[in-house]
$ cat model.cif   # mmCIF, C-alpha atoms
data_model
loop_
_atom_site.group_PDB
_atom_site.id
_atom_site.type_symbol
_atom_site.label_atom_id
_atom_site.label_comp_id
_atom_site.auth_asym_id
_atom_site.auth_seq_id
_atom_site.Cartn_x
_atom_site.Cartn_y
_atom_site.Cartn_z
ATOM 1 C CA MET P 25 131.424 76.264 147.955
ATOM 2 C CA GLY P 26 134.252 77.716 145.815
ATOM 3 C CA GLN P 27 133.492 75.197 143.049
ATOM 4 C CA THR P 28 129.793 76.216 142.997
ATOM 5 C CA HIS P 29 130.760 79.887 142.803
ATOM 6 C CA SER P 30 133.156 79.149 139.927
ATOM 7 C CA CYS P 31 130.465 77.225 138.016
ATOM 8 C CA ALA P 32 127.934 80.029 138.447
ATOM 9 C CA PHE P 33 130.487 82.607 137.293
ATOM 10 C CA ARG P 34 131.293 80.523 134.182
ATOM 11 C CA LEU P 35 127.587 80.166 133.305
ATOM 12 C CA ALA P 36 127.021 83.912 133.751
ATOM 13 C CA SER P 37 130.024 84.659 131.521
ATOM 14 C CA GLU P 38 128.782 82.309 128.791
ATOM 15 C CA ALA P 39 125.280 83.814 128.948
ATOM 16 C CA LYS P 40 126.769 87.296 128.630
ATOM 17 C CA MET P 41 128.752 86.254 125.564
ATOM 18 C CA ILE P 42 125.624 84.797 123.929
ATOM 19 C CA GLU P 43 123.598 87.925 124.700
ATOM 20 C CA ASN P 44 126.235 90.125 123.100
ATOM 21 C CA ARG P 45 126.091 88.119 119.860
ATOM 22 C CA ILE P 46 122.280 88.112 119.501
ATOM 23 C CA LYS P 47 121.103 91.070 117.432
ATOM 24 C CA PHE P 48 117.727 92.744 116.945
ATOM 25 C CA ARG P 49 117.353 91.212 113.456
ATOM 26 C CA HIS P 50 117.880 87.690 114.871
ATOM 27 C CA LEU P 51 114.926 88.137 117.249
ATOM 28 C CA GLN P 52 112.778 89.874 114.636
ATOM 29 C CA CYS P 53 113.232 87.085 112.072
ATOM 30 C CA PHE P 54 112.699 84.299 114.621
ATOM 31 C CA ILE P 55 109.509 85.848 116.060
ATOM 32 C CA GLU P 56 108.005 86.535 112.620
ATOM 33 C CA VAL P 57 108.768 82.998 111.344
ATOM 34 C CA ALA P 58 107.160 81.578 114.496
ATOM 35 C CA ARG P 59 104.116 83.819 113.957
ATOM 36 C CA GLN P 60 103.746 82.984 110.257
ATOM 37 C CA ASN P 61 104.840 79.310 110.442
ATOM 38 C CA SER P 62 106.681 80.048 107.228
ATOM 39 C CA VAL P 63 110.054 81.509 106.277
ATOM 40 C CA SER P 64 108.755 82.884 102.969
ATOM 41 C CA ARG P 65 105.742 84.631 104.531
ATOM 42 C CA ALA P 66 107.944 86.069 107.288
ATOM 43 C CA ALA P 67 110.339 87.376 104.633
ATOM 44 C CA ASP P 68 107.438 89.138 102.873
ATOM 45 C CA VAL P 69 106.263 90.751 106.119
ATOM 46 C CA LEU P 70 109.788 91.921 106.999
ATOM 47 C CA SER P 71 110.567 93.045 103.424
ATOM 48 C CA LEU P 72 113.613 90.739 103.337
ATOM 49 C CA THR P 73 114.655 87.935 101.016
ATOM 50 C CA GLN P 74 113.993 84.365 102.085
ATOM 51 C CA PRO P 75 117.742 83.500 102.139
ATOM 52 C CA ALA P 76 118.390 86.494 104.409
ATOM 53 C CA VAL P 77 115.781 85.306 106.932
ATOM 54 C CA SER P 78 117.088 81.721 106.777
ATOM 55 C CA LYS P 79 120.618 82.989 107.411
ATOM 56 C CA LYS P 80 119.540 84.899 110.524
ATOM 57 C CA LEU P 81 117.718 81.838 111.870
ATOM 58 C CA LYS P 82 120.776 79.651 111.303
ATOM 59 C CA GLU P 83 123.024 82.213 113.031
ATOM 60 C CA LEU P 84 120.658 82.355 116.020
ATOM 61 C CA GLU P 85 120.603 78.562 116.373
ATOM 62 C CA GLU P 86 124.419 78.462 116.165
ATOM 63 C CA ILE P 87 124.736 81.144 118.832
ATOM 64 C CA LEU P 88 122.349 79.291 121.183
ATOM 65 C CA GLU P 89 123.696 75.864 120.139
ATOM 66 C CA VAL P 90 120.155 74.422 119.952
ATOM 67 C CA GLN P 91 117.603 73.783 117.213
ATOM 68 C CA LEU P 92 114.746 76.269 117.510
ATOM 69 C CA LEU P 93 112.704 75.267 114.462
ATOM 70 C CA ASP P 94 111.665 72.079 112.695
ATOM 71 C CA ARG P 95 111.438 72.560 108.940
ATOM 72 C CA SER P 96 109.287 70.277 106.796
ATOM 73 C CA LYS P 97 107.066 70.368 103.690
ATOM 74 C CA ARG P 98 104.153 71.357 105.956
ATOM 75 C CA GLY P 99 105.972 74.487 107.069
ATOM 76 C CA VAL P 100 107.972 75.521 110.116
ATOM 77 C CA GLU P 101 107.219 74.464 113.684
ATOM 78 C CA LEU P 102 108.849 75.427 116.958
ATOM 79 C CA THR P 103 110.892 72.832 118.819
ATOM 80 C CA GLN P 104 110.681 72.562 122.583
ATOM 81 C CA PHE P 105 113.664 74.923 122.844
ATOM 82 C CA GLY P 106 111.988 77.249 120.322
ATOM 83 C CA ARG P 107 108.797 77.501 122.378
ATOM 84 C CA VAL P 108 110.779 78.426 125.488
ATOM 85 C CA PHE P 109 112.906 80.988 123.656
ATOM 86 C CA LEU P 110 109.892 82.583 121.895
ATOM 87 C CA LYS P 111 108.373 83.678 125.204
ATOM 88 C CA TYR P 112 111.470 85.646 126.196
ATOM 89 C CA ALA P 113 112.365 86.819 122.685
ATOM 90 C CA GLY P 114 108.916 88.396 122.304
ATOM 91 C CA ALA P 115 109.173 90.156 125.657
ATOM 92 C CA SER P 116 112.678 91.425 124.805
ATOM 93 C CA LEU P 117 111.590 92.799 121.435
ATOM 94 C CA SER P 118 108.565 94.545 122.945
ATOM 95 C CA ALA P 119 110.714 96.099 125.677
ATOM 96 C CA LEU P 120 113.246 97.267 123.094
ATOM 97 C CA ARG P 121 110.535 98.875 120.972
ATOM 98 C CA GLU P 122 109.011 100.606 123.991
ATOM 99 C CA GLY P 123 112.397 101.936 124.996
ATOM 100 C CA THR P 124 113.099 103.183 121.471
ATOM 101 C CA ASP P 125 109.661 104.842 121.287
ATOM 102 C CA SER P 126 110.265 106.592 124.606
ATOM 103 C CA ILE P 127 113.578 108.023 123.390
ATOM 104 C CA ILE P 128 112.046 109.191 120.102
ATOM 105 C CA GLN P 129 109.130 110.776 121.930
ATOM 106 C CA ALA P 130 111.504 112.604 124.266
ATOM 107 C CA GLN P 131 113.491 113.917 121.287
ATOM 108 C CA MET P 132 110.317 114.993 119.462
ATOM 109 C CA LYS P 133 108.770 116.869 122.375
ATOM 110 C CA GLY P 134 106.493 119.543 120.992
ATOM 111 C CA SER P 135 106.237 117.980 117.534
ATOM 112 C CA MET P 136 104.712 114.581 118.324
ATOM 113 C CA ARG P 137 101.332 113.847 116.736
ATOM 114 C CA ILE P 138 98.508 111.391 117.321
ATOM 115 C CA ASN P 139 96.434 110.829 114.194
ATOM 116 C CA VAL P 140 92.863 109.839 115.030
ATOM 117 C CA GLY P 141 90.119 108.801 112.627
ATOM 118 C CA VAL P 142 86.794 110.115 113.946
ATOM 119 C CA LEU P 143 83.382 108.897 112.817
ATOM 120 C CA PRO P 144 80.311 111.162 113.224
ATOM 121 C CA THR P 145 78.796 109.032 115.981
ATOM 122 C CA VAL P 146 81.550 110.083 118.436
ATOM 123 C CA ALA P 147 82.574 113.486 117.049
ATOM 124 C CA ALA P 148 80.037 115.388 119.157
ATOM 125 C CA ASN P 149 79.322 113.294 122.246
ATOM 126 C CA VAL P 150 82.670 111.628 123.071
ATOM 127 C CA LEU P 151 85.647 113.352 121.451
ATOM 128 C CA PRO P 152 85.309 116.894 122.895
ATOM 129 C CA ALA P 153 85.304 115.628 126.487
ATOM 130 C CA ALA P 154 88.095 113.131 125.691
ATOM 131 C CA VAL P 155 90.300 115.840 124.181
ATOM 132 C CA ILE P 156 89.729 118.187 127.140
ATOM 133 C CA ASN P 157 90.621 115.390 129.574
ATOM 134 C CA PHE P 158 93.741 114.464 127.586
ATOM 135 C CA ARG P 159 95.001 118.058 127.359
ATOM 136 C CA GLN P 160 94.650 118.442 131.111
ATOM 137 C CA SER P 161 97.258 115.677 131.523
ATOM 138 C CA GLY P 162 99.907 118.080 130.222
ATOM 139 C CA VAL P 163 101.245 115.767 127.488
ATOM 140 C CA ASP P 164 102.906 117.842 124.771
ATOM 141 C CA VAL P 165 101.204 116.265 121.754
ATOM 142 C CA THR P 166 99.422 117.587 118.675
ATOM 143 C CA LEU P 167 96.112 115.787 118.069
ATOM 144 C CA ASN P 168 95.203 115.408 114.402
ATOM 145 C CA LEU P 169 91.496 114.518 114.190
ATOM 146 C CA ILE P 170 90.425 113.273 110.761
ATOM 147 C CA SER P 171 86.852 112.530 109.688
ATOM 148 C CA GLY P 172 85.710 110.605 106.645
ATOM 149 C CA PRO P 173 84.006 107.415 105.441
ATOM 150 C CA ASN P 174 84.711 104.393 107.605
ATOM 151 C CA THR P 175 86.273 102.392 104.763
ATOM 152 C CA LEU P 176 88.783 105.180 104.089
ATOM 153 C CA LEU P 177 89.672 105.649 107.768
ATOM 154 C CA LEU P 178 90.250 101.916 108.290
ATOM 155 C CA SER P 179 92.451 101.694 105.204
ATOM 156 C CA GLN P 180 94.523 104.617 106.528
ATOM 157 C CA LEU P 181 94.749 102.904 109.926
ATOM 158 C CA ARG P 182 95.900 99.651 108.339
ATOM 159 C CA VAL P 183 98.856 101.310 106.572
ATOM 160 C CA GLY P 184 99.859 103.403 109.590
ATOM 161 C CA GLU P 185 98.582 106.815 108.481
ATOM 162 C CA LEU P 186 96.227 106.792 111.499
ATOM 163 C CA ASP P 187 96.989 105.596 115.022
ATOM 164 C CA LEU P 188 93.398 104.680 115.903
ATOM 165 C CA VAL P 189 89.818 105.070 114.700
ATOM 166 C CA VAL P 190 86.928 105.885 117.039
ATOM 167 C CA GLY P 191 83.377 104.967 116.022
ATOM 168 C CA ARG P 192 81.047 102.087 115.260
ATOM 169 C CA LEU P 193 82.360 98.567 114.703
ATOM 170 C CA ALA P 194 82.892 97.914 110.994
ATOM 171 C CA GLU P 195 81.825 94.830 109.037
ATOM 172 C CA PRO P 196 84.018 91.723 109.652
ATOM 173 C CA LYS P 197 85.533 91.859 106.145
ATOM 174 C CA LEU P 198 86.971 95.308 106.920
ATOM 175 C CA MET P 199 88.519 94.262 110.257
ATOM 176 C CA THR P 200 91.341 92.041 108.968
ATOM 177 C CA GLY P 201 94.514 92.882 110.892
ATOM 178 C CA LEU P 202 92.640 95.230 113.211
ATOM 179 C CA SER P 203 91.446 94.984 116.812
ATOM 180 C CA PHE P 204 88.246 96.499 118.247
ATOM 181 C CA GLN P 205 87.756 97.599 121.870
ATOM 182 C CA HIS P 206 84.097 98.089 122.837
ATOM 183 C CA LEU P 207 83.102 101.285 124.671
ATOM 184 C CA TYR P 208 79.292 101.357 124.559
ATOM 185 C CA SER P 209 76.366 100.525 122.266
ATOM 186 C CA GLU P 210 74.265 102.946 120.272
ATOM 187 C CA ARG P 211 71.134 102.854 118.132
ATOM 188 C CA VAL P 212 69.958 104.722 115.069
ATOM 189 C CA THR P 213 67.275 107.385 115.483
ATOM 190 C CA PHE P 214 64.817 109.303 113.268
ATOM 191 C CA VAL P 215 64.777 113.022 114.110
ATOM 192 C CA VAL P 216 62.828 116.070 112.905
ATOM 193 C CA ARG P 217 62.589 119.752 113.815
ATOM 194 C CA PRO P 218 60.190 120.912 116.572
ATOM 195 C CA GLY P 219 56.724 121.519 115.124
ATOM 196 C CA HIS P 220 57.143 118.943 112.361
ATOM 197 C CA PRO P 221 53.754 117.748 110.920
ATOM 198 C CA LEU P 222 54.463 114.125 111.867
ATOM 199 C CA LEU P 223 54.621 114.974 115.568
ATOM 200 C CA ASP P 224 50.867 115.756 115.591
ATOM 201 C CA ARG P 225 49.818 112.435 114.054
ATOM 202 C CA THR P 226 48.375 110.037 116.606
ATOM 203 C CA PRO P 227 48.899 107.152 116.440
ATOM 204 C CA PHE P 228 52.190 107.542 114.587
ATOM 205 C CA ASN P 229 52.536 105.393 111.446
ATOM 206 C CA ILE P 230 56.041 104.797 110.106
ATOM 207 C CA GLN P 231 54.642 104.596 106.565
ATOM 208 C CA ASP P 232 53.982 108.346 106.782
ATOM 209 C CA ILE P 233 57.690 109.138 106.501
ATOM 210 C CA ARG P 234 57.399 108.286 102.794
ATOM 211 C CA GLN P 235 55.591 111.593 102.343
ATOM 212 C CA PHE P 236 58.698 113.593 103.318
ATOM 213 C CA ASN P 237 62.249 114.160 102.189
ATOM 214 C CA VAL P 238 64.605 111.858 104.145
ATOM 215 C CA LEU P 239 68.300 112.267 104.932
ATOM 216 C CA PHE P 240 69.681 108.736 104.626
ATOM 217 C CA PRO P 241 73.147 107.350 105.503
ATOM 218 C CA THR P 242 75.411 106.915 102.478
ATOM 219 C CA LYS P 243 75.849 103.449 101.024
ATOM 220 C CA GLY P 244 79.364 102.955 102.426
ATOM 221 C CA SER P 245 78.537 104.138 105.942
ATOM 222 C CA ILE P 246 78.452 101.687 108.857
ATOM 223 C CA ILE P 247 74.787 102.265 109.761
ATOM 224 C CA ALA P 248 73.392 102.026 106.203
ATOM 225 C CA VAL P 249 72.853 98.252 106.352
ATOM 226 C CA ALA P 250 71.275 98.438 109.821
ATOM 227 C CA VAL P 251 68.876 101.161 108.650
ATOM 228 C CA GLU P 252 67.868 99.232 105.536
ATOM 229 C CA ARG P 253 67.197 96.094 107.590
ATOM 230 C CA PHE P 254 65.113 98.077 110.056
ATOM 231 C CA LEU P 255 62.981 99.618 107.301
ATOM 232 C CA ILE P 256 62.437 96.208 105.694
ATOM 233 C CA SER P 257 61.340 94.800 109.074
ATOM 234 C CA GLN P 258 58.790 97.633 109.248
ATOM 235 C CA GLY P 259 57.370 96.779 105.835
ATOM 236 C CA MET P 260 59.036 99.761 104.151
ATOM 237 C CA GLY P 261 60.517 99.626 100.675
ATOM 238 C CA LEU P 262 62.938 102.045 99.082
ATOM 239 C CA LEU P 263 62.236 105.583 100.247
ATOM 240 C CA PRO P 264 61.291 107.623 97.154
ATOM 241 C CA ASP P 265 62.626 111.046 98.192
ATOM 242 C CA ARG P 266 65.973 110.766 99.940
ATOM 243 C CA ILE P 267 69.303 112.549 100.157
ATOM 244 C CA GLU P 268 72.308 110.413 101.099
ATOM 245 C CA THR P 269 74.811 112.144 103.388
ATOM 246 C CA ILE P 270 77.092 111.590 106.381
ATOM 247 C CA SER P 271 77.603 115.305 107.011
ATOM 248 C CA GLY P 272 76.508 116.199 110.529
ATOM 249 C CA SER P 273 76.744 119.951 109.961
ATOM 250 C CA PHE P 274 74.606 119.799 106.804
ATOM 251 C CA GLY P 275 72.077 117.466 108.417
ATOM 252 C CA LYS P 276 71.523 119.626 111.482
ATOM 253 C CA GLU P 277 71.013 122.809 109.482
ATOM 254 C CA TYR P 278 68.890 121.187 106.764
ATOM 255 C CA ILE P 279 66.542 119.637 109.320
ATOM 256 C CA ARG P 280 66.082 123.004 111.077
ATOM 257 C CA GLN P 281 65.077 124.653 107.780
ATOM 258 C CA SER P 282 62.798 121.954 106.316
ATOM 259 C CA ASN P 283 60.300 119.190 107.039
ATOM 260 C CA ALA P 284 62.889 116.518 106.228
ATOM 261 C CA ILE P 285 63.457 113.466 108.426
ATOM 262 C CA TRP P 286 67.016 112.570 109.401
ATOM 263 C CA ILE P 287 68.008 108.936 109.952
ATOM 264 C CA ILE P 288 71.255 109.050 111.884
ATOM 265 C CA SER P 289 73.269 107.489 114.741
ATOM 266 C CA ARG P 290 71.842 108.914 117.942
ATOM 267 C CA GLY P 291 75.241 110.051 119.187
ATOM 268 C CA VAL P 292 75.504 112.552 116.351
ATOM 269 C CA VAL P 293 72.424 114.429 117.560
ATOM 270 C CA ALA P 294 72.331 113.518 121.273
ATOM 271 C CA ARG P 295 72.948 117.086 122.457
ATOM 272 C CA GLU P 296 70.323 118.555 120.094
ATOM 273 C CA ILE P 297 67.768 115.998 121.295
ATOM 274 C CA GLU P 298 68.583 116.735 124.934
ATOM 275 C CA GLU P 299 68.198 120.482 124.413
ATOM 276 C CA GLY P 300 64.974 120.160 122.381
ATOM 277 C CA GLU P 301 66.464 121.441 119.115
ATOM 278 C CA LEU P 302 65.590 118.142 117.416
ATOM 279 C CA ILE P 303 62.773 115.711 118.258
ATOM 280 C CA GLU P 304 62.887 111.926 117.922
ATOM 281 C CA LEU P 305 60.015 110.222 116.148
ATOM 282 C CA PRO P 306 58.324 107.599 118.372
ATOM 283 C CA LEU P 307 59.990 104.538 116.837
ATOM 284 C CA ASP P 308 61.500 101.530 118.625
ATOM 285 C CA THR P 309 64.886 101.211 116.896
ATOM 286 C CA LYS P 310 66.568 98.873 119.368
ATOM 287 C CA GLU P 311 67.282 96.385 116.572
ATOM 288 C CA THR P 312 69.718 98.922 115.066
ATOM 289 C CA LEU P 313 71.797 98.868 118.264
ATOM 290 C CA GLY P 314 75.490 98.507 117.456
ATOM 291 C CA PRO P 315 78.842 98.647 119.298
ATOM 292 C CA VAL P 316 80.883 101.850 119.394
ATOM 293 C CA GLY P 317 84.551 101.679 120.288
ATOM 294 C CA LEU P 318 88.235 101.977 119.415
ATOM 295 C CA THR P 319 89.851 100.277 116.443
ATOM 296 C CA ILE P 320 93.635 99.863 116.398
ATOM 297 C CA ARG P 321 96.112 97.702 114.482
ATOM 298 C CA ALA P 322 96.267 94.227 116.001
ATOM 299 C CA ASP P 323 100.045 93.921 115.614
ATOM 300 C CA THR P 324 101.022 97.254 117.167
ATOM 301 C CA LEU P 325 101.278 98.249 120.817
ATOM 302 C CA PRO P 326 100.052 101.806 121.514
ATOM 303 C CA THR P 327 102.729 104.287 122.549
ATOM 304 C CA PRO P 328 102.405 105.741 126.071
ATOM 305 C CA ALA P 329 100.886 108.959 124.649
ATOM 306 C CA ILE P 330 98.351 107.069 122.520
ATOM 307 C CA GLN P 331 97.445 104.888 125.501
ATOM 308 C CA MET P 332 96.828 108.029 127.570
ATOM 309 C CA PHE P 333 94.535 109.375 124.863
ATOM 310 C CA ILE P 334 92.715 106.020 124.718
ATOM 311 C CA ASN P 335 92.217 106.251 128.487
ATOM 312 C CA SER P 336 90.719 109.729 128.039
ATOM 313 C CA ILE P 337 88.327 108.375 125.403
ATOM 314 C CA ARG P 338 87.293 105.578 127.769
ATOM 315 C CA THR P 339 86.558 108.104 130.523
ATOM 316 C CA ALA P 340 84.399 110.214 128.194
ATOM 317 C CA ALA P 341 82.659 107.141 126.779
ATOM 318 C CA ALA P 342 81.790 105.891 130.271
ATOM 319 C CA SER P 343 79.458 108.860 130.779
ATOM 320 C CA VAL P 344 77.783 108.109 127.443
ATOM 321 C CA ALA P 345 77.357 104.474 128.440
ATOM 322 C CA GLU P 346 75.788 105.611 131.716
ATOM 323 C CA LYS P 347 73.293 107.785 129.853
ATOM 324 C CA ASN P 348 72.484 104.831 127.609
ATOM 325 C CA GLY P 349 71.789 102.684 130.673
ATOM 326 C CA GLU P 350 74.790 100.398 130.176
ATOM 327 C CA LEU P 351 76.367 101.115 133.568
#

$ encode --input "model.cif" --output "structure tokens"
Amino acid sequence: MGQTHSCAFRLASEAKMIENRIKFRHLQCFIEVARQNSVSRAADVLSLTQPAVSKKLKELEEILEVQLLDRSKRGVELTQFGRVFLKYAGASLSALREGTDSIIQAQMKGSMRINVGVLPTVAANVLPAAVINFRQSGVDVTLNLISGPNTLLLSQLRVGELDLVVGRLAEPKLMTGLSFQHLYSERVTFVVRPGHPLLDRTPFNIQDIRQFNVLFPTKGSIIAVAVERFLISQGMGLLPDRIETISGSFGKEYIRQSNAIWIISRGVVAREIEEGELIELPLDTKETLGPVGLTIRADTLPTPAIQMFINSIRTAAASVAEKNGEL
């Protein structure tokens, strides 16, 4: 019994000594090399030299007294010991980051910010309710809501200037390094002011929209391709008289004062349609249906405050999904 106790005590002491020698940089280099399967690529990601990363890996293997990585011309592969250690190293690093974030957030109380890229499709029908819900939680955070073209917002997200982007799913080529979380689906609609001449034409013919000024999504906007495909499927060519814009405020006022037709994501004008301020033309636009959701960086875990805001967005989006018949 005494011998067993002595052995356990010796093992615990040795483990403690090893733990004290392993540093944050050891884990960071090992995890990144395992992720990249390459010392050189890991060095680029970590902004270190290749010799510096190799040194940290060698130190870690000497501390643990096992080989964690097999190095060959094909790259770097984990050994059996490496695969076991990776599981716990990743969990340790994540826990350390979460703990550090919590301390920083506590120190920055009152000055912490969440930077959110907002696309027009959610600015009116999701974000207001989400912000109200989030503020009721009592979290002392400044929300910085930024609108702009999707390409710009995603580039800002990728480099860390934004914490998340809320809106339609972007094209695959723009989603490298990013992760999308679906909230609901939404279609494009064609709206006009009450009393518009087209509303009296029975049966309605889509070709008649060529006789009017049309507000069309800008070339770089997410819905532009979907709209163009829809018009082609309806036998429509290039619309001769169009203004390209993604401005919701301009669109709403311009439509009220003219006989223009506005082609826009339905979420942008959902309230105006519901209250009779704008009227939808009788077109079946289901083929323009597209996913709306949250885009975040794939390699970054949301802070507790950001996760709370995401939860508020989900709550607000659930009511939109219900209206759209998705729930």

$ closest_residue --input "model.cif" --among "P:Val215, P:Ala147, P:Ile337, P:Ser116" --to "P:Ser273" --atoms "only C-alpha atoms"
P:Ala147

$ atom_distance --input "model.cif" --atom1 "atom CA of P:Leu169" --atom2 "atom CA of P:Gly300"
28.3 Å

$ resolve_selection --input "model.cif" --expression "the PyMOL selection byres ((chain P and resi 151) around 12)" --output "ChimeraX atom specification"
/P:140-150,152-158,167,169-171,189-191,291-292,317-318,333-341,344

$ atom_distance --input "model.cif" --atom1 "atom CA of P:Phe214" --atom2 "atom CA of P:Ser289"
8.8 Å

$ resolve_selection --input "model.cif" --expression "the PyMOL selection byres ((chain P and resi 304) around 7)" --output "PDB file with C-alpha atoms, in the coordinates of the input"
ATOM      1  CA  THR P 213      67.275 107.385 115.483  1.00  0.00           C
ATOM      2  CA  PHE P 214      64.817 109.303 113.268  1.00  0.00           C
ATOM      3  CA  VAL P 215      64.777 113.022 114.110  1.00  0.00           C
ATOM      4  CA  VAL P 216      62.828 116.070 112.905  1.00  0.00           C
ATOM      5  CA  LEU P 302      65.590 118.142 117.416  1.00  0.00           C
ATOM      6  CA  ILE P 303      62.773 115.711 118.258  1.00  0.00           C
ATOM      7  CA  LEU P 305      60.015 110.222 116.148  1.00  0.00           C
ATOM      8  CA  PRO P 306      58.324 107.599 118.372  1.00  0.00           C
TER       9      PRO P 306
END

$ resolve_selection --input "model.cif" --expression "the PyMOL selection byres ((chain P and resi 77) around 9)" --output "CSV table (one decimal) with C-alpha atoms, keeping the file's coordinate frame"
chain,number,residue,atom,x,y,z
P,49,ARG,CA,117.4,91.2,113.5
P,50,HIS,CA,117.9,87.7,114.9
P,53,CYS,CA,113.2,87.1,112.1
P,54,PHE,CA,112.7,84.3,114.6
P,57,VAL,CA,108.8,83.0,111.3
P,63,VAL,CA,110.1,81.5,106.3
P,64,SER,CA,108.8,82.9,103.0
P,66,ALA,CA,107.9,86.1,107.3
P,67,ALA,CA,110.3,87.4,104.6
P,70,LEU,CA,109.8,91.9,107.0
P,72,LEU,CA,113.6,90.7,103.3
P,73,THR,CA,114.7,87.9,101.0
P,74,GLN,CA,114.0,84.4,102.1
P,75,PRO,CA,117.7,83.5,102.1
P,76,ALA,CA,118.4,86.5,104.4
P,78,SER,CA,117.1,81.7,106.8
P,79,LYS,CA,120.6,83.0,107.4
P,80,LYS,CA,119.5,84.9,110.5
P,81,LEU,CA,117.7,81.8,111.9
P,82,LYS,CA,120.8,79.7,111.3

$ axis_aligned_box --input "model.cif" --around "stretch 100-108 of chain P" --padding-each-side "6 Å" --output "AutoDock Vina command-line options"
--center_x 110.4 --center_y 75.5 --center_z 117.8 --size_x 18.4 --size_y 17.9 --size_z 27.4

$ atom_distance --input "model.cif" --atom1 "atom CA of P:Met136" --atom2 "atom CA of P:Val165"
5.2 Å

$ closest_residue --input "model.cif" --among "P:Leu102, P:Ile247, P:Leu239, P:Leu255" --to "P:Ile267" --atoms "all atoms listed in the file"
P:Leu239

$ closest_residue --input "model.cif" --among "P:Ile55, P:Ile279, P:Ser96, P:Val249" --to "P:Phe109" --atoms "only C-alpha atoms"
P:Ile55

$ closest_residue --input "model.cif" --among "P:Ala294, P:Leu313, P:Ala119, P:Ala284" --to "P:Pro218" --atoms "only C-alpha atoms"
P:Ala284

$ residues_around --input "model.cif" --residues "P:Leu176" --least-positions-apart "3" --cutoff "12 Å" --atoms "all atoms listed in the file" --output "MDAnalysis selection string"
chainID P and resid 141:143 170:173 179:183 185:186 189 194 198 244:246

$ closest_residue --input "model.cif" --among "P:Arg321, P:Arg59, P:Arg98, P:Lys47" --to "P:Ser203" --atoms "all atoms listed in the file"
P:Arg321

$ residues_near_point --input "model.cif" --point "(54.0, 97.7, 102.5)" --cutoff "12 Å" --atoms "all atoms listed in the file" --output "PyMOL selection string"
chain P and resi 229-232+234+255-263

$ closest_residue --input "model.cif" --among "P:Glu195, P:Leu222, P:Ser62, P:Asn283" --to "P:Lys97" --atoms "all atoms listed in the file"
P:Ser62

$ residues_around --input "model.cif" --residues "P:Leu110" --least-positions-apart "3" --cutoff "9 Å" --atoms "only C-alpha atoms" --output "number ranges by chain"
P: 51, 54-55, 58, 102, 105-107, 113-115

$ residues_around --input "model.cif" --residues "P:Tyr208" --least-positions-apart "4" --cutoff "6 Å" --atoms "only C-alpha atoms" --output "MDAnalysis selection string"
chainID P and resid 315:316 345

$ decode --input "model.cif" --residues "stretch 82-93 of chain P" --atoms "N, CA and C atoms" --output "CSV table (one decimal), in the first residue's frame"
chain,number,residue,atom,x,y,z
P,82,LYS,N,11.3,21.1,-30.7
P,82,LYS,CA,12.3,20.2,-30.1
P,82,LYS,C,12.3,20.3,-28.6
P,83,GLU,N,12.2,21.5,-28.1
P,83,GLU,CA,12.1,21.7,-26.6
P,83,GLU,C,11.0,20.9,-26.0
P,84,LEU,N,9.8,21.0,-26.7
P,84,LEU,CA,8.6,20.3,-26.2
P,84,LEU,C,8.8,18.8,-26.2
P,85,GLU,N,9.4,18.3,-27.2
P,85,GLU,CA,9.6,16.8,-27.3
P,85,GLU,C,10.6,16.4,-26.2
P,86,GLU,N,11.6,17.3,-25.9
P,86,GLU,CA,12.6,16.9,-24.9
P,86,GLU,C,12.0,17.0,-23.5
P,87,ILE,N,11.1,17.9,-23.3
P,87,ILE,CA,10.4,18.0,-22.0
P,87,ILE,C,9.5,16.8,-21.8
P,88,LEU,N,8.8,16.4,-22.8
P,88,LEU,CA,7.9,15.2,-22.7
P,88,LEU,C,8.6,13.9,-22.8
P,89,GLU,N,9.8,13.9,-23.4
P,89,GLU,CA,10.6,12.7,-23.6
P,89,GLU,C,10.0,11.7,-24.6
P,90,VAL,N,9.2,12.3,-25.6
P,90,VAL,CA,8.6,11.5,-26.6
P,90,VAL,C,8.7,12.2,-27.9
P,91,GLN,N,8.6,11.5,-29.0
P,91,GLN,CA,8.6,12.1,-30.4
P,91,GLN,C,7.1,12.4,-30.7
P,92,LEU,N,6.8,13.7,-30.9
P,92,LEU,CA,5.4,14.1,-31.2
P,92,LEU,C,5.2,14.2,-32.7
P,93,LEU,N,6.2,14.4,-33.5
P,93,LEU,CA,6.0,14.6,-35.0
P,93,LEU,C,7.0,13.8,-35.8
